[in-house]
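Input: a single structure, listed below in C-alpha cells.
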Amino acid sequence: MMDLIVKNGRVVDPARNLDRVADVMIRDGKIREIGSADGADLPVFDANGLIVAPGFFDIHVHLREPGTEEAETIATGGAAAVAGGFTAVAAMPNTKPPNDNPSITHYIVSEAKRSSPAHVFPIGAVTKEQKGEMLAEIGEMFEAGIVGISDDGKPVMDGQLFRRALEYAQMFDMPVIQHCEDLNLSKDGVMHEGVYSTRLGLKGIPSAAEETIVSRDLILAKMTGGKYHVAHLSTRGAVQMVREAKRQGLRISAEVTPHHFTLTDAAVAEYDTNAKMNPPLRSQDDIDAIVEGIQDGTIDAIASDHAPHHINLKMLEFDRAPFGITGLETAVGLALTQLRLEPRRLVELFSINPQRIMKVKPWGLFEGSDADLTLIDVNRTWRFDVTQTRSRSRNSPFNGREMTGKAVATIVGGKVVYQDRG
Amino acid sequence: MLNRKHLLGIQDLSRQEILEILDVAESLQEVSTRPIKKVPTLRGKSVINLFFEASTRTRTSFEIAGKRLSADVVNISLSTSSVSKGETLIDTAKTLDAMVADSVVIRHSASGAPHTLAKMTKASIINAGDGAHEHPTQALLDAFTIRHKKGRLEGLKVAIIGDIAHSRVARSNLYLLTKFGSHVWLCSAPTLMPPGADKMVCENGELVHVTHSIEEAIDGADVIMMLRVQFERMNESFFPSVREYFRYWGLNRERVKRAKSDVIIMHPGPMNRGVEIATDVADGPYSVILDQVASGVAVRMAVLYLLLGG
C-alpha cells in the first residue's frame, strides 16, 4: 500500500512552518499534496485528533548486528523503532566487528533494506576497531552510506586524534559524535558518583568525567570549525558548556536520552541492573538542568541510546552487568510525559533537529518528500509492558510505567508499518 | 525471632532488632564456656558458607557459630577471578536451592551480590561482607563489644579511622551507631573519603562528622576503630607511601592520649602493624581486638538462631 490519505490530522512540521489540520495525500510512497483530499479514491487513514509529523529519527541506537544477534538484530531493532514511532534510526558502530570499514557499512545498509521496517542509517567508527589509535576509513564509509562518525561506547581520549577527526569529517559535512567520558576519571565506575554510590558501596563515575571531555572537545571544535555532536549529555555542567559554546556560534549540537531526564541515581537502590547505563543516571539537579536545556534550545535532540542486552548478562551482580537499557519504544512516551512539550518542539527534538545533525537527505511534510510520518496521540495514557516489546531484549527500567502520549502509527514510504489504535 | 528472612545490611534494621540480636548473643555466649560447647537448637538445619573472597576469621566464626548450634555447616570457597564472571553466583544459587539449604552466608567482592542472591533463592541470606557496601555481623559484634565495655551504645563518640571509601565495616558501623544516637567521626585521607560521606545516614545525620585530622577524630573519643589499609591503594595513588600514611593516620600511643582515659581501641582485622596501628597500641591495655573476635561467635550464633530457629 504505497498510496494513502492520512486524513484530518494536525499536520506539524516546524521546518516548513506548518501547523494546521489537513489531509496528507501519498502516492507511490511520496507526499503528493497537503490540503484537502476530499473526493480522492485512495485508502484512508483516519488521523482525526492525532498529530501528523515528519518521521521521527532516533539518532542513537545500538542494533547489535553484526555480532551480538542474541540481544538484537537489525530486523528486531527496526521493528522496535517503528513501534516507538521512529521511521529512522542511526546505528552506532560498536558492533562485532565494529563498523569501521565500508564492507560492514554495506552489510548494515543492505540487511536493513531487506529486514527492517525503519530506515537504518549507519554511523561509522572514528578510529580503526574503535581503539582510539588510527582514523578509520571515514571517506570509504561515507560513500557506503554512513551519516556521522563516533566511537560510541568509548570516547576518543587522544586529543590530537580527535582534532584530526573533526578536521577530516568536515570534508563530508558529517558530525563527529562523542561519547564524553574521561576513562581515567571514570575507571571502574558503575554508577553516578554521589551519596547513593557511597551508600551502595559502588564505584562512582563523577560528573567531571563527562564535563572534562565536553570542555576539551568544545575547544577543539572551535579551533577546527568542525561539526561536533555531544551524545547522551547527562550533567548540569555539560549543559552549561554547550549553551555557552552555542552562544559563540560553534557548529555544535547535543542530544539527551529520556532516562537522563526521567530517573535519578536513586533508581539504583536495589542494585537494579536495569538502572545501570553509561553515562549513569545522575542527580535531580542534573535533570533540572537538562530540562532547562531542552526548553531553551541548548539541547537539540532526544535520542534513546537503545542498548539491548541479553538477560543472561543483566542477571549478573551490579558491578559486572553491562551498561545500557532499551529505549526505542518508551522514548516518545517519556518525553511527552516528563516534559509536556508543545507539538512543535516535540517534532523539532525528534525529527527536524536529528535530520539537521546527521548527514541525511531531509524528509518532512512537503510535496515530493518520502512519505515517512509519525502519528502521535498526546492524550493516550498507556503502560509499557516489556513482555510485549519488539526488541529482542527486555532490559528496561520502565516496565509497567504509565505514560501519557504515544506514537500510535508509523508510516514509512507510504506504508503503515505500525499502528496501535488502542 | 526476627521478622525478616535475610540479613543483608544494618541500614534496614531497627534499633529493636539490633537489641534483640545483641541480647540473644549475650545469652548464647555462655554456650562457648561449657565443656561441651554445643546446643541442639539448629539440628537438622543446613548453613552454607559461600565465600567468593578470601576470609579466615569471618568464615571460621560463622562455621563455629553454626556448629555450636548443631547446624550442618558446609564451606564453599570460590574465587571470582577463576570462574567466568557472575555465572557462578546465579548457578550456585540455583544449585544450593536444589539442595534445600536453609541459610547461605555469603561474602562477595561485588556490592549487592547478597541482594542478587536473595532475589534468586529460597534460602535465608546472610551478608558476610559485600564489596564496599555492608558487613552487618561485624557491626553487630562491634556493638556487642562496645556495649559490653561501655554499658551502652548511646551518646558515645566513636572515631572510625582509615580507608572509609572502600570499607564495608565503616558503613555498617556508621549506620548502627547513629541509630543509637552516638556521634561517629569518619577520618581518612581526603582521597579515601567517599563523596557525600556526611550525607550517608538518612536519619540522625547530624551525628556524622567528617575529618581528615586524626587528632580531631580522637579528641575525647570513647571508642577508636581502626580500619585496615590495603596496600594496593598505594599503587592507585590514594596516598604516597606507607610511611606517610602512618605519619598522618596511624594510631600511636601519643595520639591515644587525646581520647578518654577509658577509651577502647578496636580493629576488625587482619591488622597491619606499623601501618594503621602501632604494635604497642594493638597489644596495649586499651585494645579490645581479641574481645571482638570472641564476640563474633556469639553474635553470629544469635543471627543464625533468630533467622533459622523455631
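Just so we're on the same page: first chain in the C-alpha cells is A, next is B, and so on; residues restart at 1 for each chain, and ligands are numbered from 1 in the order they show up.
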
Residues of chain A within 7 Å of chain B, counting only C-alpha atoms, what are they? List them as a short mmCIF file (atom, residue, chain, number, x, y, z; two decimals) with C-alpha atoms, in the first residue's frame.
data_model
loop_
_atom_site.label_atom_id
_atom_site.label_comp_id
_atom_site.auth_asym_id
_atom_site.auth_seq_id
_atom_site.Cartn_x
_atom_site.Cartn_y
_atom_site.Cartn_z
CA GLY A 194 27.43 10.76 44.90
CA VAL A 195 25.80 9.84 48.15
CA THR A 198 28.71 5.80 48.68
CA ARG A 199 25.77 4.17 50.43
CA LEU A 200 25.67 1.28 47.99
CA GLY A 201 29.42 0.81 48.08
CA LEU A 202 29.63 1.07 44.30
CA TYR A 271 21.16 -2.92 42.72
CA LEU A 316 24.83 -10.57 36.94
CA GLU A 317 26.00 -8.72 40.01
CA PHE A 318 25.64 -4.96 39.50
CA ASP A 319 29.41 -4.46 39.12
#

Members of range 251-324 of chain A assigned strand (DSSP E or B) by DSSP, as JSON, numbers by chain:
{"A": [252, 253, 254, 255, 256, 301, 302, 306]}

Just want the 7 Å neighbourhood of Ile149 in chain A, counted on only C-alpha atoms, with same-chain residues fewer than 4 positions away dropped. Output as an NGL selection string.
:A and (123-126 or 175-177)

Atoms to include: C-alpha atoms. Write the selected residues as a PDB file, in the first residue's frame.
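Below is the file out-v3.pdb, written as the result:
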ATOM      1  CA  ILE A 123      27.298   5.650  11.933  1.00  0.00           C
ATOM      2  CA  GLY A 124      30.921   4.795  11.227  1.00  0.00           C
ATOM      3  CA  ALA A 125      33.724   4.419  13.751  1.00  0.00           C
ATOM      4  CA  VAL A 126      36.102   7.334  14.195  1.00  0.00           C
ATOM      5  CA  PRO A 175      29.152  15.250  12.575  1.00  0.00           C
ATOM      6  CA  VAL A 176      31.743  13.777  14.898  1.00  0.00           C
ATOM      7  CA  ILE A 177      29.733  12.321  17.759  1.00  0.00           C
TER       8      ILE A 177
END

So that each row is one residue of range 191-269 of chain B with an atom at most 10 Å from range 135-144 of chain B, can you give its shortest atom pair and the distance in Å to one decimal, using only C-alpha atoms, rows by chain and rising number, as JSON lines?
{"residue": "B:Met225", "atom": "CA", "partner": "B:Asp142", "partner_atom": "CA", "distance": 9.3}
{"residue": "B:Met266", "atom": "CA", "partner": "B:Asp142", "partner_atom": "CA", "distance": 8.1}
{"residue": "B:His267", "atom": "CA", "partner": "B:Asp142", "partner_atom": "CA", "distance": 9.2}
{"residue": "B:Pro268", "atom": "CA", "partner": "B:Gln138", "partner_atom": "CA", "distance": 7.4}

Write the residues of the selection above to a file with N, CA and C atoms, as a short mmCIF file (atom, residue, chain, number, x, y, z; two decimals), in the first residue's frame.
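again.cif was written with the following content:
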data_model
loop_
_atom_site.label_atom_id
_atom_site.label_comp_id
_atom_site.auth_asym_id
_atom_site.auth_seq_id
_atom_site.Cartn_x
_atom_site.Cartn_y
_atom_site.Cartn_z
N MET B 225 38.00 3.05 66.29
CA MET B 225 38.02 1.88 65.40
C MET B 225 39.00 2.15 64.29
N MET B 266 39.57 -0.62 68.76
CA MET B 266 39.06 -1.78 68.03
C MET B 266 39.69 -1.85 66.64
N HIS B 267 39.68 -3.05 66.10
CA HIS B 267 40.16 -3.27 64.73
C HIS B 267 39.47 -4.53 64.21
N PRO B 268 38.86 -4.46 63.02
CA PRO B 268 38.15 -5.65 62.52
C PRO B 268 39.10 -6.76 62.05
#

What is the distance between CA of Glu69 in chain A and CA of Ala231 in chain A, in Å to one decimal?
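Rounded to one decimal, the two atoms are 24.1 Å apart.
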
So that I can check the surroundings of range 300-305 of chain A, please list as a PyMOL selection string every protein, DNA and RNA residue that reaches within 8 Å of it, counting only C-alpha atoms and ignoring chain neighbours fewer than 2 positions away.
chain A and resi 58-62+232+253-258+294+297-298+307+324-328+331+348-350+353-354

Selection from above, C-alpha atoms, as a PDB file, in the first residue's frame, can you write it?
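Wrote part20.pdb, looks like this:
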ATOM      1  CA  ASP A  58      16.385   8.270  16.733  1.00  0.00           C
ATOM      2  CA  ILE A  59      20.000   9.209  16.160  1.00  0.00           C
ATOM      3  CA  HIS A  60      21.484   6.979  18.844  1.00  0.00           C
ATOM      4  CA  VAL A  61      20.685   3.266  18.848  1.00  0.00           C
ATOM      5  CA  HIS A  62      22.624   0.022  19.126  1.00  0.00           C
ATOM      6  CA  HIS A 232      23.766  11.440  25.654  1.00  0.00           C
ATOM      7  CA  SER A 253      24.720  20.049  18.790  1.00  0.00           C
ATOM      8  CA  ALA A 254      23.703  17.876  21.710  1.00  0.00           C
ATOM      9  CA  GLU A 255      21.293  15.077  22.489  1.00  0.00           C
ATOM     10  CA  VAL A 256      19.856  13.693  25.726  1.00  0.00           C
ATOM     11  CA  THR A 257      18.184  10.402  26.475  1.00  0.00           C
ATOM     12  CA  PRO A 258      14.753  10.064  28.086  1.00  0.00           C
ATOM     13  CA  ILE A 294      15.644  21.282  26.285  1.00  0.00           C
ATOM     14  CA  GLY A 297      17.228  25.064  22.772  1.00  0.00           C
ATOM     15  CA  THR A 298      20.644  24.209  24.190  1.00  0.00           C
ATOM     16  CA  ALA A 307      21.186  -0.586  24.187  1.00  0.00           C
ATOM     17  CA  GLY A 324      22.708   0.066  28.842  1.00  0.00           C
ATOM     18  CA  ILE A 325      18.929  -0.172  28.582  1.00  0.00           C
ATOM     19  CA  THR A 326      16.453  -0.486  25.746  1.00  0.00           C
ATOM     20  CA  GLY A 327      14.602   2.697  24.871  1.00  0.00           C
ATOM     21  CA  LEU A 328      13.090   2.811  21.378  1.00  0.00           C
ATOM     22  CA  ALA A 331      11.315   7.431  24.277  1.00  0.00           C
ATOM     23  CA  GLU A 348      11.946  19.583  16.405  1.00  0.00           C
ATOM     24  CA  LEU A 349      13.511  17.347  19.056  1.00  0.00           C
ATOM     25  CA  PHE A 350      12.561  14.051  17.440  1.00  0.00           C
ATOM     26  CA  ASN A 353      16.912  18.575  14.524  1.00  0.00           C
ATOM     27  CA  PRO A 354      18.020  14.946  14.233  1.00  0.00           C
TER      28      PRO A 354
END

Contacts of range 298-308 of chain B within 10 Å, only C-alpha atoms, excl. fewer than 5 positions in-chain, as a PyMOL selection string
chain B and resi 1-7+17-18+20-32+41-42+45-47+58+61-69+71+102-103+105+123-126+137-144+293

Between CA of Phe384 in chain A and CA of Leu334 in chain A, what is the spacing in Å?
10.3 Å

Report as a VMD selection string all protein, DNA and RNA residues lying within 12 Å of Leu227 in chain B, evaluated on only C-alpha atoms, omitting residues in the same chain fewer than 5 positions from it.
chain B and resid 159 to 171 173 186 to 188 192 249 to 251 265 to 273 275 to 277 289

Residues of the last selection are to be written out with C-alpha atoms, as a CSV table (one decimal), in the first residue's frame.
chain,number,residue,atom,x,y,z
B,159,ALA,CA,36.2,7.6,65.7
B,160,ILE,CA,36.4,5.4,62.6
B,161,ILE,CA,39.8,5.9,61.1
B,162,GLY,CA,41.2,4.6,57.8
B,163,ASP,CA,40.1,3.7,54.3
B,164,ILE,CA,36.5,4.8,54.6
B,165,ALA,CA,35.8,4.8,50.9
B,166,HIS,CA,36.4,1.1,50.4
B,167,SER,CA,35.2,-0.1,53.9
B,168,ARG,CA,32.0,-2.0,54.4
B,169,VAL,CA,32.9,-2.2,58.1
B,170,ALA,CA,32.9,1.6,58.4
B,171,ARG,CA,29.5,1.8,56.6
B,173,ASN,CA,29.2,0.6,62.0
B,186,LEU,CA,34.9,9.4,60.0
B,187,CYS,CA,38.5,10.1,59.5
B,188,SER,CA,40.7,9.4,56.5
B,192,LEU,CA,39.9,7.8,50.8
B,249,TRP,CA,46.6,8.4,60.1
B,250,GLY,CA,48.4,5.8,62.1
B,251,LEU,CA,47.4,5.2,65.7
B,265,ILE,CA,40.6,0.5,70.6
B,266,MET,CA,39.1,-1.8,68.0
B,267,HIS,CA,40.2,-3.3,64.7
B,268,PRO,CA,38.2,-5.7,62.5
B,269,GLY,CA,41.4,-7.4,61.5
B,270,PRO,CA,43.5,-8.5,60.0
B,271,MET,CA,45.8,-5.6,61.0
B,272,ASN,CA,48.9,-4.2,59.5
B,273,ARG,CA,51.1,-3.5,62.5
B,275,VAL,CA,50.8,0.9,59.1
B,276,GLU,CA,47.5,1.9,60.6
B,277,ILE,CA,48.2,0.9,64.2
B,289,ILE,CA,40.6,-6.6,69.4

Excluding same-chain residues fewer than 6 positions from Glu244 in chain A, what lies within 10 Å of it counting only C-alpha atoms, as a list in words?
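That gives Leu218, Ala238, Leu250 and Thr298 of chain A.
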
Write the residues of the selection above to a file with N, CA and C atoms, as an mmCIF file, in the first residue's frame.
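Printed below is selection_11.cif as written:
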data_model
loop_
_atom_site.group_PDB
_atom_site.id
_atom_site.type_symbol
_atom_site.label_atom_id
_atom_site.label_comp_id
_atom_site.auth_asym_id
_atom_site.auth_seq_id
_atom_site.Cartn_x
_atom_site.Cartn_y
_atom_site.Cartn_z
ATOM 1 N N LEU A 218 34.915 21.029 22.995
ATOM 2 C CA LEU A 218 34.372 22.311 22.526
ATOM 3 C C LEU A 218 35.517 23.235 22.113
ATOM 4 N N ALA A 238 27.764 20.076 31.697
ATOM 5 C CA ALA A 238 27.821 19.870 30.247
ATOM 6 C C ALA A 238 26.774 20.725 29.543
ATOM 7 N N LEU A 250 29.447 28.204 17.619
ATOM 8 C CA LEU A 250 30.104 26.987 17.124
ATOM 9 C C LEU A 250 29.085 26.064 16.455
ATOM 10 N N THR A 298 19.256 24.662 24.056
ATOM 11 C CA THR A 298 20.644 24.209 24.190
ATOM 12 C C THR A 298 20.767 22.764 23.717
#

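One finds CA of Ile146 in chain A at 8.1 Å from CA of Lys359 in chain A.
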